Structures are given as structure tokens and as C-alpha cells.
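K.L.:
Structure file work22.pdb (PDB, C-alpha atoms) right here:
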```pdb
MODEL        1
ATOM      1  CA  SER D   1      99.029  57.463  84.029  1.00  0.00           C
ATOM      2  CA  ALA D   2      95.530  58.885  84.183  1.00  0.00           C
ATOM      3  CA  VAL D   3      93.158  58.534  87.116  1.00  0.00           C
ATOM      4  CA  ILE D   4      89.524  57.824  86.316  1.00  0.00           C
ATOM      5  CA  SER D   5      86.582  58.519  88.583  1.00  0.00           C
ATOM      6  CA  GLN D   6      83.547  56.501  87.572  1.00  0.00           C
ATOM      7  CA  LYS D   7      80.136  56.708  89.177  1.00  0.00           C
ATOM      8  CA  PRO D   8      77.894  55.322  90.344  1.00  0.00           C
ATOM      9  CA  SER D   9      79.882  52.341  91.554  1.00  0.00           C
ATOM     10  CA  ARG D  10      76.759  50.208  91.640  1.00  0.00           C
ATOM     11  CA  ASP D  11      73.027  50.532  91.187  1.00  0.00           C
ATOM     12  CA  ILE D  12      69.895  48.447  91.199  1.00  0.00           C
ATOM     13  CA  CYS D  13      67.356  49.620  88.651  1.00  0.00           C
ATOM     14  CA  GLN D  14      63.856  48.725  87.573  1.00  0.00           C
ATOM     15  CA  ARG D  15      63.347  47.325  84.095  1.00  0.00           C
ATOM     16  CA  GLY D  16      62.279  49.900  81.557  1.00  0.00           C
ATOM     17  CA  THR D  17      64.225  52.717  83.181  1.00  0.00           C
ATOM     18  CA  SER D  18      67.534  54.293  82.152  1.00  0.00           C
ATOM     19  CA  LEU D  19      70.809  54.796  83.981  1.00  0.00           C
ATOM     20  CA  THR D  20      73.555  57.273  83.126  1.00  0.00           C
ATOM     21  CA  ILE D  21      77.118  56.388  84.084  1.00  0.00           C
ATOM     22  CA  GLN D  22      79.709  59.117  84.389  1.00  0.00           C
ATOM     23  CA  CYS D  23      83.427  58.923  83.775  1.00  0.00           C
ATOM     24  CA  GLN D  24      85.758  61.773  84.785  1.00  0.00           C
ATOM     25  CA  VAL D  25      89.467  61.724  83.924  1.00  0.00           C
ATOM     26  CA  ASP D  26      92.118  63.822  85.640  1.00  0.00           C
ATOM     27  CA  SER D  27      93.831  64.671  82.342  1.00  0.00           C
ATOM     28  CA  GLN D  28      92.808  65.400  78.777  1.00  0.00           C
ATOM     29  CA  VAL D  29      92.494  62.346  76.565  1.00  0.00           C
ATOM     30  CA  THR D  30      91.495  62.031  72.943  1.00  0.00           C
ATOM     31  CA  MET D  31      89.664  58.731  73.064  1.00  0.00           C
ATOM     32  CA  MET D  32      87.510  57.205  75.775  1.00  0.00           C
ATOM     33  CA  PHE D  33      86.222  53.667  75.576  1.00  0.00           C
ATOM     34  CA  TRP D  34      83.167  52.045  77.145  1.00  0.00           C
ATOM     35  CA  TYR D  35      83.170  48.316  77.908  1.00  0.00           C
ATOM     36  CA  ARG D  36      80.581  45.860  79.168  1.00  0.00           C
ATOM     37  CA  GLN D  37      81.460  42.853  81.280  1.00  0.00           C
ATOM     38  CA  GLN D  38      78.555  40.453  81.609  1.00  0.00           C
ATOM     39  CA  PRO D  39      78.510  38.105  84.623  1.00  0.00           C
ATOM     40  CA  GLY D  40      81.391  35.650  84.421  1.00  0.00           C
ATOM     41  CA  GLN D  41      82.438  36.966  81.016  1.00  0.00           C
ATOM     42  CA  SER D  42      85.266  38.967  79.520  1.00  0.00           C
ATOM     43  CA  LEU D  43      85.117  42.592  78.494  1.00  0.00           C
ATOM     44  CA  THR D  44      83.416  43.634  75.283  1.00  0.00           C
ATOM     45  CA  LEU D  45      83.893  47.054  73.749  1.00  0.00           C
ATOM     46  CA  ILE D  46      80.626  48.956  73.392  1.00  0.00           C
ATOM     47  CA  ALA D  47      81.856  52.116  71.729  1.00  0.00           C
ATOM     48  CA  THR D  48      84.650  54.613  71.377  1.00  0.00           C
ATOM     49  CA  ALA D  49      83.958  58.247  72.193  1.00  0.00           C
ATOM     50  CA  ASN D  50      85.981  61.067  70.675  1.00  0.00           C
ATOM     51  CA  GLN D  51      85.425  64.632  71.781  1.00  0.00           C
ATOM     52  CA  GLY D  52      83.412  66.630  69.288  1.00  0.00           C
ATOM     53  CA  SER D  53      82.206  63.729  67.178  1.00  0.00           C
ATOM     54  CA  GLU D  54      79.667  60.945  67.292  1.00  0.00           C
ATOM     55  CA  ALA D  55      80.678  57.818  69.168  1.00  0.00           C
ATOM     56  CA  THR D  56      81.680  54.789  67.124  1.00  0.00           C
ATOM     57  CA  TYR D  57      79.730  51.685  68.116  1.00  0.00           C
ATOM     58  CA  GLU D  58      80.847  48.074  67.853  1.00  0.00           C
ATOM     59  CA  SER D  59      78.785  45.440  66.154  1.00  0.00           C
ATOM     60  CA  GLY D  60      75.797  44.510  68.288  1.00  0.00           C
ATOM     61  CA  PHE D  61      75.578  47.840  70.096  1.00  0.00           C
ATOM     62  CA  VAL D  62      73.382  50.735  68.956  1.00  0.00           C
ATOM     63  CA  ILE D  63      73.142  54.382  69.861  1.00  0.00           C
ATOM     64  CA  ASP D  64      69.474  54.201  70.833  1.00  0.00           C
ATOM     65  CA  LYS D  65      70.266  51.652  73.517  1.00  0.00           C
ATOM     66  CA  PHE D  66      73.626  53.066  74.654  1.00  0.00           C
ATOM     67  CA  PRO D  67      73.770  56.804  73.934  1.00  0.00           C
ATOM     68  CA  ILE D  68      77.132  58.351  74.749  1.00  0.00           C
ATOM     69  CA  SER D  69      78.116  61.955  75.339  1.00  0.00           C
ATOM     70  CA  ARG D  70      81.609  63.381  75.189  1.00  0.00           C
ATOM     71  CA  PRO D  71      81.324  67.115  75.876  1.00  0.00           C
ATOM     72  CA  ASN D  72      85.032  67.718  76.559  1.00  0.00           C
ATOM     73  CA  LEU D  73      88.403  65.985  76.758  1.00  0.00           C
ATOM     74  CA  THR D  74      88.024  64.861  80.389  1.00  0.00           C
ATOM     75  CA  PHE D  75      84.435  63.642  80.663  1.00  0.00           C
ATOM     76  CA  SER D  76      82.026  61.161  79.132  1.00  0.00           C
ATOM     77  CA  THR D  77      78.719  59.540  79.963  1.00  0.00           C
ATOM     78  CA  LEU D  78      77.153  56.261  78.908  1.00  0.00           C
ATOM     79  CA  THR D  79      73.405  55.785  79.252  1.00  0.00           C
ATOM     80  CA  VAL D  80      71.856  52.347  79.375  1.00  0.00           C
ATOM     81  CA  SER D  81      68.323  52.891  78.095  1.00  0.00           C
ATOM     82  CA  ASN D  82      65.090  50.962  78.541  1.00  0.00           C
ATOM     83  CA  MET D  83      66.867  48.418  80.703  1.00  0.00           C
ATOM     84  CA  SER D  84      66.077  44.730  80.938  1.00  0.00           C
ATOM     85  CA  PRO D  85      67.608  42.078  83.205  1.00  0.00           C
ATOM     86  CA  GLU D  86      69.947  41.146  80.339  1.00  0.00           C
ATOM     87  CA  ASP D  87      71.650  44.520  80.809  1.00  0.00           C
ATOM     88  CA  SER D  88      72.854  43.483  84.256  1.00  0.00           C
ATOM     89  CA  SER D  89      76.616  43.802  83.890  1.00  0.00           C
ATOM     90  CA  ILE D  90      79.649  45.741  84.957  1.00  0.00           C
ATOM     91  CA  TYR D  91      80.229  48.780  82.759  1.00  0.00           C
ATOM     92  CA  LEU D  92      83.734  50.211  82.603  1.00  0.00           C
ATOM     93  CA  CYS D  93      85.217  53.245  80.979  1.00  0.00           C
ATOM     94  CA  SER D  94      88.783  53.303  79.785  1.00  0.00           C
ATOM     95  CA  VAL D  95      91.225  55.832  78.413  1.00  0.00           C
ATOM     96  CA  LEU D  96      94.425  55.717  76.490  1.00  0.00           C
ATOM     97  CA  PRO D  97      96.680  58.416  77.909  1.00  0.00           C
ATOM     98  CA  GLY D  98      99.717  58.973  75.754  1.00  0.00           C
ATOM     99  CA  GLY D  99      99.153  56.196  73.249  1.00  0.00           C
ATOM    100  CA  ALA D 100      98.672  52.423  73.317  1.00  0.00           C
ATOM    101  CA  ASN D 101     102.262  51.744  74.328  1.00  0.00           C
ATOM    102  CA  TYR D 102     101.510  53.261  77.743  1.00  0.00           C
ATOM    103  CA  GLY D 103      98.606  50.927  78.415  1.00  0.00           C
ATOM    104  CA  TYR D 104      94.947  51.550  78.883  1.00  0.00           C
ATOM    105  CA  THR D 105      93.655  52.823  82.215  1.00  0.00           C
ATOM    106  CA  PHE D 106      90.284  51.627  83.497  1.00  0.00           C
ATOM    107  CA  GLY D 107      87.754  53.066  85.848  1.00  0.00           C
ATOM    108  CA  SER D 108      86.615  50.986  88.807  1.00  0.00           C
ATOM    109  CA  GLY D 109      83.404  50.062  87.026  1.00  0.00           C
ATOM    110  CA  THR D 110      79.670  50.376  87.574  1.00  0.00           C
ATOM    111  CA  ARG D 111      77.940  47.215  88.708  1.00  0.00           C
ATOM    112  CA  LEU D 112      74.389  47.364  87.345  1.00  0.00           C
ATOM    113  CA  THR D 113      71.603  45.036  88.395  1.00  0.00           C
ATOM    114  CA  VAL D 114      68.261  45.288  86.610  1.00  0.00           C
ATOM    115  CA  VAL D 115      65.259  43.798  88.390  1.00  0.00           C
TER     116      VAL D 115
ATOM    117  CA  ALA Z   1      92.150  42.075  63.112  1.00  0.00           C
ATOM    118  CA  GLN Z   2      93.314  40.912  66.515  1.00  0.00           C
ATOM    119  CA  SER Z   3      92.146  38.106  68.768  1.00  0.00           C
ATOM    120  CA  VAL Z   4      93.289  36.495  72.001  1.00  0.00           C
ATOM    121  CA  THR Z   5      92.937  32.955  73.307  1.00  0.00           C
ATOM    122  CA  GLN Z   6      93.436  32.158  76.969  1.00  0.00           C
ATOM    123  CA  LEU Z   7      93.728  28.454  77.670  1.00  0.00           C
ATOM    124  CA  GLY Z   8      91.999  27.401  80.853  1.00  0.00           C
ATOM    125  CA  SER Z   9      89.153  29.350  82.375  1.00  0.00           C
ATOM    126  CA  HIS Z  10      90.374  28.285  85.827  1.00  0.00           C
ATOM    127  CA  VAL Z  11      93.866  27.544  87.096  1.00  0.00           C
ATOM    128  CA  SER Z  12      94.452  26.198  90.606  1.00  0.00           C
ATOM    129  CA  VAL Z  13      97.809  26.314  92.354  1.00  0.00           C
ATOM    130  CA  SER Z  14      99.074  25.903  95.876  1.00  0.00           C
ATOM    131  CA  GLU Z  15     100.624  28.796  97.728  1.00  0.00           C
ATOM    132  CA  GLY Z  16     104.320  28.933  96.838  1.00  0.00           C
ATOM    133  CA  ALA Z  17     103.877  27.090  93.540  1.00  0.00           C
ATOM    134  CA  LEU Z  18     104.652  28.380  90.073  1.00  0.00           C
ATOM    135  CA  VAL Z  19     101.887  30.314  88.348  1.00  0.00           C
ATOM    136  CA  LEU Z  20     101.547  29.914  84.574  1.00  0.00           C
ATOM    137  CA  LEU Z  21      98.662  31.526  82.709  1.00  0.00           C
ATOM    138  CA  ARG Z  22      98.610  30.960  78.973  1.00  0.00           C
ATOM    139  CA  CYS Z  23      97.815  33.500  76.278  1.00  0.00           C
ATOM    140  CA  ASN Z  24      98.046  33.160  72.518  1.00  0.00           C
ATOM    141  CA  TYR Z  25      97.228  35.970  70.147  1.00  0.00           C
ATOM    142  CA  SER Z  26      96.451  36.533  66.526  1.00  0.00           C
ATOM    143  CA  SER Z  27      97.294  39.782  64.849  1.00  0.00           C
ATOM    144  CA  SER Z  28      97.794  40.879  61.262  1.00  0.00           C
ATOM    145  CA  VAL Z  29     100.051  43.714  62.405  1.00  0.00           C
ATOM    146  CA  PRO Z  30     102.717  43.975  65.108  1.00  0.00           C
ATOM    147  CA  PRO Z  31     100.828  43.846  68.376  1.00  0.00           C
ATOM    148  CA  TYR Z  32     100.885  45.501  71.729  1.00  0.00           C
ATOM    149  CA  LEU Z  33     100.172  42.880  74.411  1.00  0.00           C
ATOM    150  CA  PHE Z  34      98.850  43.396  77.916  1.00  0.00           C
ATOM    151  CA  TRP Z  35      97.977  41.468  81.028  1.00  0.00           C
ATOM    152  CA  TYR Z  36      95.360  42.921  83.356  1.00  0.00           C
ATOM    153  CA  VAL Z  37      94.216  41.672  86.751  1.00  0.00           C
ATOM    154  CA  GLN Z  38      90.738  42.093  88.213  1.00  0.00           C
ATOM    155  CA  TYR Z  39      90.230  41.525  91.907  1.00  0.00           C
ATOM    156  CA  PRO Z  40      86.708  40.795  93.132  1.00  0.00           C
ATOM    157  CA  ASN Z  41      84.369  43.761  92.797  1.00  0.00           C
ATOM    158  CA  GLN Z  42      87.090  45.967  91.369  1.00  0.00           C
ATOM    159  CA  GLY Z  43      88.119  47.408  88.012  1.00  0.00           C
ATOM    160  CA  LEU Z  44      91.070  46.314  85.925  1.00  0.00           C
ATOM    161  CA  GLN Z  45      94.676  46.952  86.883  1.00  0.00           C
ATOM    162  CA  LEU Z  46      97.530  46.779  84.403  1.00  0.00           C
ATOM    163  CA  LEU Z  47     100.027  44.076  85.385  1.00  0.00           C
ATOM    164  CA  LEU Z  48     102.469  44.463  82.516  1.00  0.00           C
ATOM    165  CA  LYS Z  49     102.711  45.213  78.828  1.00  0.00           C
ATOM    166  CA  TYR Z  50     104.824  44.448  75.799  1.00  0.00           C
ATOM    167  CA  THR Z  51     105.224  47.107  73.152  1.00  0.00           C
ATOM    168  CA  THR Z  52     108.677  46.903  71.622  1.00  0.00           C
ATOM    169  CA  GLY Z  53     112.183  45.979  72.732  1.00  0.00           C
ATOM    170  CA  ALA Z  54     112.954  43.330  75.324  1.00  0.00           C
ATOM    171  CA  THR Z  55     110.679  40.334  74.947  1.00  0.00           C
ATOM    172  CA  LEU Z  56     110.738  39.447  78.646  1.00  0.00           C
ATOM    173  CA  VAL Z  57     108.747  42.050  80.516  1.00  0.00           C
ATOM    174  CA  LYS Z  58     108.407  42.398  84.245  1.00  0.00           C
ATOM    175  CA  GLY Z  59     105.334  43.753  85.908  1.00  0.00           C
ATOM    176  CA  ILE Z  60     103.944  44.445  89.316  1.00  0.00           C
ATOM    177  CA  ASN Z  61     103.572  41.943  92.152  1.00  0.00           C
ATOM    178  CA  GLY Z  62     106.372  39.696  90.843  1.00  0.00           C
ATOM    179  CA  PHE Z  63     104.687  38.763  87.567  1.00  0.00           C
ATOM    180  CA  GLU Z  64     106.460  38.583  84.241  1.00  0.00           C
ATOM    181  CA  ALA Z  65     105.623  37.561  80.692  1.00  0.00           C
ATOM    182  CA  GLU Z  66     107.599  36.672  77.612  1.00  0.00           C
ATOM    183  CA  PHE Z  67     106.627  37.682  74.093  1.00  0.00           C
ATOM    184  CA  LYS Z  68     107.378  34.822  71.693  1.00  0.00           C
ATOM    185  CA  LYS Z  69     106.623  35.898  68.158  1.00  0.00           C
ATOM    186  CA  SER Z  70     107.310  32.462  66.663  1.00  0.00           C
ATOM    187  CA  GLU Z  71     104.736  30.913  68.984  1.00  0.00           C
ATOM    188  CA  THR Z  72     102.381  33.946  68.994  1.00  0.00           C
ATOM    189  CA  SER Z  73     102.314  33.635  72.757  1.00  0.00           C
ATOM    190  CA  PHE Z  74     102.497  35.936  75.762  1.00  0.00           C
ATOM    191  CA  HIS Z  75     102.252  33.652  78.795  1.00  0.00           C
ATOM    192  CA  LEU Z  76     102.163  35.125  82.294  1.00  0.00           C
ATOM    193  CA  THR Z  77     104.272  33.601  85.059  1.00  0.00           C
ATOM    194  CA  LYS Z  78     105.108  34.101  88.705  1.00  0.00           C
ATOM    195  CA  PRO Z  79     107.641  31.895  90.505  1.00  0.00           C
ATOM    196  CA  SER Z  80     105.757  31.639  93.788  1.00  0.00           C
ATOM    197  CA  ALA Z  81     102.031  32.180  94.232  1.00  0.00           C
ATOM    198  CA  HIS Z  82     100.588  34.130  97.143  1.00  0.00           C
ATOM    199  CA  MET Z  83      97.054  33.898  98.450  1.00  0.00           C
ATOM    200  CA  SER Z  84      96.614  37.533  97.434  1.00  0.00           C
ATOM    201  CA  ASP Z  85      97.177  36.590  93.769  1.00  0.00           C
ATOM    202  CA  ALA Z  86      93.734  34.984  93.585  1.00  0.00           C
ATOM    203  CA  ALA Z  87      91.889  37.021  90.953  1.00  0.00           C
ATOM    204  CA  GLU Z  88      90.760  37.060  87.319  1.00  0.00           C
ATOM    205  CA  TYR Z  89      93.502  37.637  84.768  1.00  0.00           C
ATOM    206  CA  PHE Z  90      92.894  38.979  81.288  1.00  0.00           C
ATOM    207  CA  CYS Z  91      95.261  38.969  78.339  1.00  0.00           C
ATOM    208  CA  ALA Z  92      94.624  41.660  75.741  1.00  0.00           C
ATOM    209  CA  VAL Z  93      96.013  42.799  72.412  1.00  0.00           C
ATOM    210  CA  SER Z  94      95.887  46.008  70.450  1.00  0.00           C
ATOM    211  CA  ALA Z  95      97.365  47.096  67.166  1.00  0.00           C
ATOM    212  CA  LEU Z  96     100.669  48.902  67.011  1.00  0.00           C
ATOM    213  CA  THR Z  97      99.264  51.314  64.482  1.00  0.00           C
ATOM    214  CA  GLY Z  98      95.909  52.539  63.356  1.00  0.00           C
ATOM    215  CA  PHE Z  99      92.821  52.363  65.533  1.00  0.00           C
ATOM    216  CA  GLN Z 100      94.091  51.070  68.813  1.00  0.00           C
ATOM    217  CA  LYS Z 101      91.142  49.043  70.061  1.00  0.00           C
ATOM    218  CA  LEU Z 102      91.881  46.711  72.943  1.00  0.00           C
ATOM    219  CA  VAL Z 103      90.677  43.132  72.434  1.00  0.00           C
ATOM    220  CA  PHE Z 104      90.429  40.889  75.499  1.00  0.00           C
ATOM    221  CA  GLY Z 105      90.713  37.179  76.003  1.00  0.00           C
ATOM    222  CA  THR Z 106      88.039  35.337  77.938  1.00  0.00           C
ATOM    223  CA  GLY Z 107      89.972  35.510  81.194  1.00  0.00           C
ATOM    224  CA  THR Z 108      91.515  32.977  83.571  1.00  0.00           C
ATOM    225  CA  ARG Z 109      90.499  32.751  87.179  1.00  0.00           C
ATOM    226  CA  LEU Z 110      93.484  31.951  89.397  1.00  0.00           C
ATOM    227  CA  LEU Z 111      92.693  30.022  92.550  1.00  0.00           C
ATOM    228  CA  VAL Z 112      95.379  29.765  95.247  1.00  0.00           C
ATOM    229  CA  SER Z 113      95.055  27.205  98.011  1.00  0.00           C
ATOM    230  CA  PRO Z 114      96.994  27.171 101.291  1.00  0.00           C
TER     231      PRO Z 114
ENDMDL
END
```
Transcribe the structure of this file into C-alpha cells.

P.N.:
Amino acid sequence: SAVISQKPSRDICQRGTSLTIQCQVDSQVTMMFWYRQQPGQSLTLIATANQGSEATYESGFVIDKFPISRPNLTFSTLTVSNMSPEDSSIYLCSVLPGGANYGYTFGSGTRLTVV
Amino acid sequence: AQSVTQLGSHVSVSEGALVLLRCNYSSSVPPYLFWYVQYPNQGLQLLLKYTTGATLVKGINGFEAEFKKSETSFHLTKPSAHMSDAAEYFCAVSALTGFQKLVFGTGTRLLVSP
């Protein structure tokens, strides 16, 4: 299975600023997924990032708020823009090495607090 | 489209007791089913998965789950709970074919008392 390095692990940010979260995988993967986990809630898919194409966003999430880059097959970034306290969540990246039957691998998450 | 229902946001057991966490799914296509565990302040770890073949699947840390198509269920069990099992457990489903998005249930927090 793949190993994901996600950083930062946590941050406290001022409202109105932006934070970029990085996700590095130790193997090449076609799709990378970004999830949000709000306090006490389950995981919600933000978007899917394929290398060389625009990310596909889920309903309720927009590119202006959560721009994603996917410059190669091992790396992706998610930016949380113009943050408000409602953006305080854990953000996780995930990959699908070898197909869904192998299971999704998750990064350790970024715990974001907006003050 | 897929969806997952986890009955019980909290389950409390005593150490040594049976653990049963319930998961029912809805899928218009044959599903892949997963259980993930999240320990405090950590990411998600795959406990076990069902793709095809044997309907009783064994995972890490003594957990197992049985895929019952007729009941659209994938309940997670462990014969004897340990204090270290206290965590949040998520059931998830994805499609066997097509766009393989992972859809999560709302999670069940397992509390283990001495």
C-alpha cells in the first residue's frame, strides 16, 4: 500500500487568510482525493484530483474556495482560501493505489483551526 | 449512487465483551465495503474490506465483518473488546465499477470501560 506524507499536521490561522496543505505519496497514483472532516462529523469528499486535468468538485465545494493543484502523479495541494471559523476542520488526502479493491489509503490529516 | 447508514453514534462495552458495530449500505451496483478506524488526533486506518469472494472477512486487531447481500449489511464484530479499541469507526462503500468514490457513514464512537 502507499504511504502518504501530509503537512502541516495542524495549524491555527487568522480569518481571511489562506492555508495550503500538501500531500506527498511514495508511489505514482492516478487519482487523489481530498476530504473534510468537520468537528464530530464524518468525512465529506471535497474533490478528486487527476494529474494533468482540472479537479472535480463535489456539490457544495467550489474551486475559488478550495483550489487544488496536481502537478505530477505523486503530489497534490489543497488550499483553503479566505478562511472563516466555519472552515475549522480536519482535512485529509487519500489515494487509491492499485484500484478500489485494495482499499483507500489516507494521510494523517491536517487539523485546521481558524480564529 | 451509494450511501451508508451506521446505527448508533456511540456504542459502550465493557472490556472483554463482544463488540458489534452496525452498518447498512445502499448501492445500485455491486459494492466494495470498508471499515476504517480513527484513533484520537490521527488519520484513518483500514481495518478490513470486502470486494469479492468470501463474505466473512477478517481484518486487523481481531476484527471481522460479514457481507450479507440479502440484508444489505456489513456489521463489524470483535469477540472481546480491549481498552485500546476505543476509537471512531467508519463504514464506507464504493462502487465496483466506474468512478470509485468512497462514501462514508456518520461514524460510531466505541467506548470501552474497564

K.L.:
Quick one: everything within 9 Å of Lys65 (chain D), counting only C-alpha atoms, minus sequence neighbours fewer than 3 positions away in the same chain. Send it as a list in words.

P.N.:
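Once the nearby chain positions are removed, what remains is Phe61, Val62, Thr79, Val80, Ser81, Asn82 and Met83 of chain D.
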
K.L.:
Can you spit out the residues from that selection as a CSV table (one decimal), in the coordinates of the input, using C-alpha atoms?

P.N.:
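The resulting part-v3.csv:
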```
chain,number,residue,atom,x,y,z
D,61,PHE,CA,75.6,47.8,70.1
D,62,VAL,CA,73.4,50.7,69.0
D,79,THR,CA,73.4,55.8,79.3
D,80,VAL,CA,71.9,52.3,79.4
D,81,SER,CA,68.3,52.9,78.1
D,82,ASN,CA,65.1,51.0,78.5
D,83,MET,CA,66.9,48.4,80.7
```

K.L.:
So what does the PyMOL selection byres ((chain D and resi 94) around 8) actually pick up in this one, as an MDAnalysis selection string?

P.N.:
chainID D and resid 4 32:35 92:93 95:96 104:107

K.L.:
Kindly determine which residues of chain D lie within 10 Å of chain Z, considering all atoms listed in the file, and give the answer as a PyMOL selection string.

P.N.:
chain D and resi 9+31+33+40-45+47-48+90-94+96+99-111

K.L.:
For each of D:Gly60, D:Asn50, D:Ile68, D:Gln38, take the minimum atom-to-atom distance to Ile21 (chain D), counting all atoms listed in the file, then give the residue where this is smallest.

P.N.:
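Under the stated criterion, the closest residue is D:Ile68.
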
K.L.:
Identify all residues satisfying the PyMOL selection byres ((chain Z and resi 63) around 8) in the given file; provide them as a PyMOL selection string.

P.N.:
chain Z and resi 47-48+58-62+64-65+76-78

K.L.:
Work out how far apart CA of Val19 (chain Z) and CA of His75 (chain Z) are and give it in Å to one decimal.

P.N.:
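Result for CA of Val19 (chain Z) versus CA of His75 (chain Z): 10.1 Å, one decimal.
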
K.L.:
Report, in Å to a single decimal, how far apart CA of Leu73 (chain D) and CA of Leu19 (chain D) are.

P.N.:
22.1 Å

K.L.:
Tell me, as a ChimeraX atom specification, which residues lie within 10 Å of Gln28 (chain D), counting all atoms listed in the file; anything in the same chain fewer than 5 positions away does not count.

P.N.:
/D:2,72-75,95,97-98

K.L.:
In Å to one decimal, how far is CA of Val11 (chain Z) from CA of Ser113 (chain Z)?

P.N.:
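The value is 11.0 Å.
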
K.L.:
Please define a box with edges along x, y and z of the file around all atoms of region 33-38 of chain Z given in the file, extend it by 6 Å on each side, and return its centre and edge lengths in Å to one decimal, as AutoDock Vina command-line options.

P.N.:
```
--center_x 95.5 --center_y 42.4 --center_z 81.3 --size_x 21.4 --size_y 13.9 --size_z 25.8
```

K.L.:
Rank D:Ser69, D:Ser27, D:Ser5, D:Arg10 by their smallest atom-to-atom distance to Ser53 (chain D), using only C-alpha atoms, and report the top residue only.

P.N.:
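Smallest separation from Ser53 (chain D) among the options: D:Ser69.
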
K.L.:
For Ser80 (chain Z), please output as a count of residues only all residues within 8 Å (counting all atoms listed in the file; exclusion window: fewer than 6 positions along the same chain).

P.N.:
5

K.L.:
Quick one: apply the PyMOL selection byres ((chain Z and resi 4) around 7) to the file and drop the selected residues here as a ChimeraX atom specification.

P.N.:
/Z:3,5-6,23-26,92-93,104-105

K.L.:
Would you mind exporting the chosen residues as a short mmCIF file (atom, residue, chain, number, x, y, z; two decimals), in the coordinates of the input, restricted to C-alpha atoms?

P.N.:
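Listed below is the output, out09.cif:
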```cif
data_model
loop_
_atom_site.label_atom_id
_atom_site.label_comp_id
_atom_site.auth_asym_id
_atom_site.auth_seq_id
_atom_site.Cartn_x
_atom_site.Cartn_y
_atom_site.Cartn_z
CA SER Z 3 92.15 38.11 68.77
CA THR Z 5 92.94 32.96 73.31
CA GLN Z 6 93.44 32.16 76.97
CA CYS Z 23 97.82 33.50 76.28
CA ASN Z 24 98.05 33.16 72.52
CA TYR Z 25 97.23 35.97 70.15
CA SER Z 26 96.45 36.53 66.53
CA ALA Z 92 94.62 41.66 75.74
CA VAL Z 93 96.01 42.80 72.41
CA PHE Z 104 90.43 40.89 75.50
CA GLY Z 105 90.71 37.18 76.00
#
```

K.L.:
Please check which residues have atoms at most 12 Å from (107.3, 33.6, 68.3) in the file's coordinates, counting all atoms listed in the file, and write them as number ranges by chain.

P.N.:
Z: 24-26, 30, 55, 66-75

K.L.:
Determine the nearest neighbour of Gly8 (chain Z) from the options Z:Met83, Z:Val29, Z:Leu110, Z:Leu56, counting all atoms listed in the file.

P.N.:
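Comparing Z:Met83, Z:Val29, Z:Leu110, Z:Leu56 against Gly8 (chain Z), the winner is Z:Leu110.
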
K.L.:
Can you work out which one of D:Val29, D:Gln14, D:Ser84, D:Tyr57 has the shortest atom-to-atom distance to Ser1 (chain D), counting all atoms listed in the file?

P.N.:
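Ranked by minimum distance to Ser1 (chain D), first place goes to D:Val29.
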
K.L.:
Using the block above, I'd like region 6-11 of chain D written out, keeping all heavy atoms and formatting it as a PDB file, in the first residue's frame.

P.N.:
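Result file follows (part16.pdb):
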```
ATOM      1  N   GLN D   6       1.519  14.029   4.766  1.00  0.00           N
ATOM      2  CA  GLN D   6       0.654  15.199   4.662  1.00  0.00           C
ATOM      3  C   GLN D   6       1.147  16.247   5.652  1.00  0.00           C
ATOM      4  O   GLN D   6       1.405  15.957   6.812  1.00  0.00           O
ATOM      5  CB  GLN D   6      -0.800  14.822   4.984  1.00  0.00           C
ATOM      6  CG  GLN D   6      -1.785  15.948   4.796  1.00  0.00           C
ATOM      7  CD  GLN D   6      -3.230  15.523   4.999  1.00  0.00           C
ATOM      8  OE1 GLN D   6      -3.567  14.341   4.940  1.00  0.00           O
ATOM      9  NE2 GLN D   6      -4.098  16.490   5.250  1.00  0.00           N
ATOM     10  N   LYS D   7       1.220  17.493   5.168  1.00  0.00           N
ATOM     11  CA  LYS D   7       1.642  18.561   6.067  1.00  0.00           C
ATOM     12  C   LYS D   7       1.025  19.894   5.667  1.00  0.00           C
ATOM     13  O   LYS D   7       0.662  20.081   4.501  1.00  0.00           O
ATOM     14  CB  LYS D   7       3.168  18.679   6.088  1.00  0.00           C
ATOM     15  CG  LYS D   7       3.832  18.880   4.767  1.00  0.00           C
ATOM     16  CD  LYS D   7       5.350  18.901   4.975  1.00  0.00           C
ATOM     17  CE  LYS D   7       6.086  19.080   3.654  1.00  0.00           C
ATOM     18  NZ  LYS D   7       7.567  19.054   3.827  1.00  0.00           N
ATOM     19  N   PRO D   8       0.817  20.796   6.630  1.00  0.00           N
ATOM     20  CA  PRO D   8       1.181  20.622   8.028  1.00  0.00           C
ATOM     21  C   PRO D   8       0.220  19.676   8.743  1.00  0.00           C
ATOM     22  O   PRO D   8      -0.867  19.413   8.241  1.00  0.00           O
ATOM     23  CB  PRO D   8       1.048  22.044   8.590  1.00  0.00           C
ATOM     24  CG  PRO D   8      -0.040  22.651   7.778  1.00  0.00           C
ATOM     25  CD  PRO D   8       0.137  22.087   6.383  1.00  0.00           C
ATOM     26  N   SER D   9       0.616  19.201   9.907  1.00  0.00           N
ATOM     27  CA  SER D   9      -0.264  18.323  10.661  1.00  0.00           C
ATOM     28  C   SER D   9      -1.353  19.126  11.375  1.00  0.00           C
ATOM     29  O   SER D   9      -2.452  18.617  11.619  1.00  0.00           O
ATOM     30  CB  SER D   9       0.530  17.509  11.684  1.00  0.00           C
ATOM     31  OG  SER D   9       1.218  18.378  12.562  1.00  0.00           O
ATOM     32  N   ARG D  10      -1.041  20.338  11.708  1.00  0.00           N
ATOM     33  CA  ARG D  10      -2.031  21.226  12.323  1.00  0.00           C
ATOM     34  C   ARG D  10      -1.594  22.671  12.140  1.00  0.00           C
ATOM     35  O   ARG D  10      -0.415  22.946  11.916  1.00  0.00           O
ATOM     36  CB  ARG D  10      -2.225  20.912  13.805  1.00  0.00           C
ATOM     37  CG  ARG D  10      -0.972  21.045  14.651  1.00  0.00           C
ATOM     38  CD  ARG D  10      -1.279  20.757  16.120  1.00  0.00           C
ATOM     39  NE  ARG D  10      -1.744  19.399  16.325  1.00  0.00           N
ATOM     40  CZ  ARG D  10      -2.888  19.096  16.954  1.00  0.00           C
ATOM     41  NH1 ARG D  10      -3.661  20.055  17.423  1.00  0.00           N
ATOM     42  NH2 ARG D  10      -3.231  17.845  17.124  1.00  0.00           N
ATOM     43  N   ASP D  11      -2.573  23.565  12.187  1.00  0.00           N
ATOM     44  CA  ASP D  11      -2.264  24.984  12.084  1.00  0.00           C
ATOM     45  C   ASP D  11      -3.404  25.797  12.680  1.00  0.00           C
ATOM     46  O   ASP D  11      -4.560  25.344  12.671  1.00  0.00           O
ATOM     47  CB  ASP D  11      -2.033  25.381  10.624  1.00  0.00           C
ATOM     48  CG  ASP D  11      -1.103  26.584  10.487  1.00  0.00           C
ATOM     49  OD1 ASP D  11      -0.939  27.322  11.483  1.00  0.00           O
ATOM     50  OD2 ASP D  11      -0.550  26.779   9.392  1.00  0.00           O
TER      51      ASP D  11
END
```
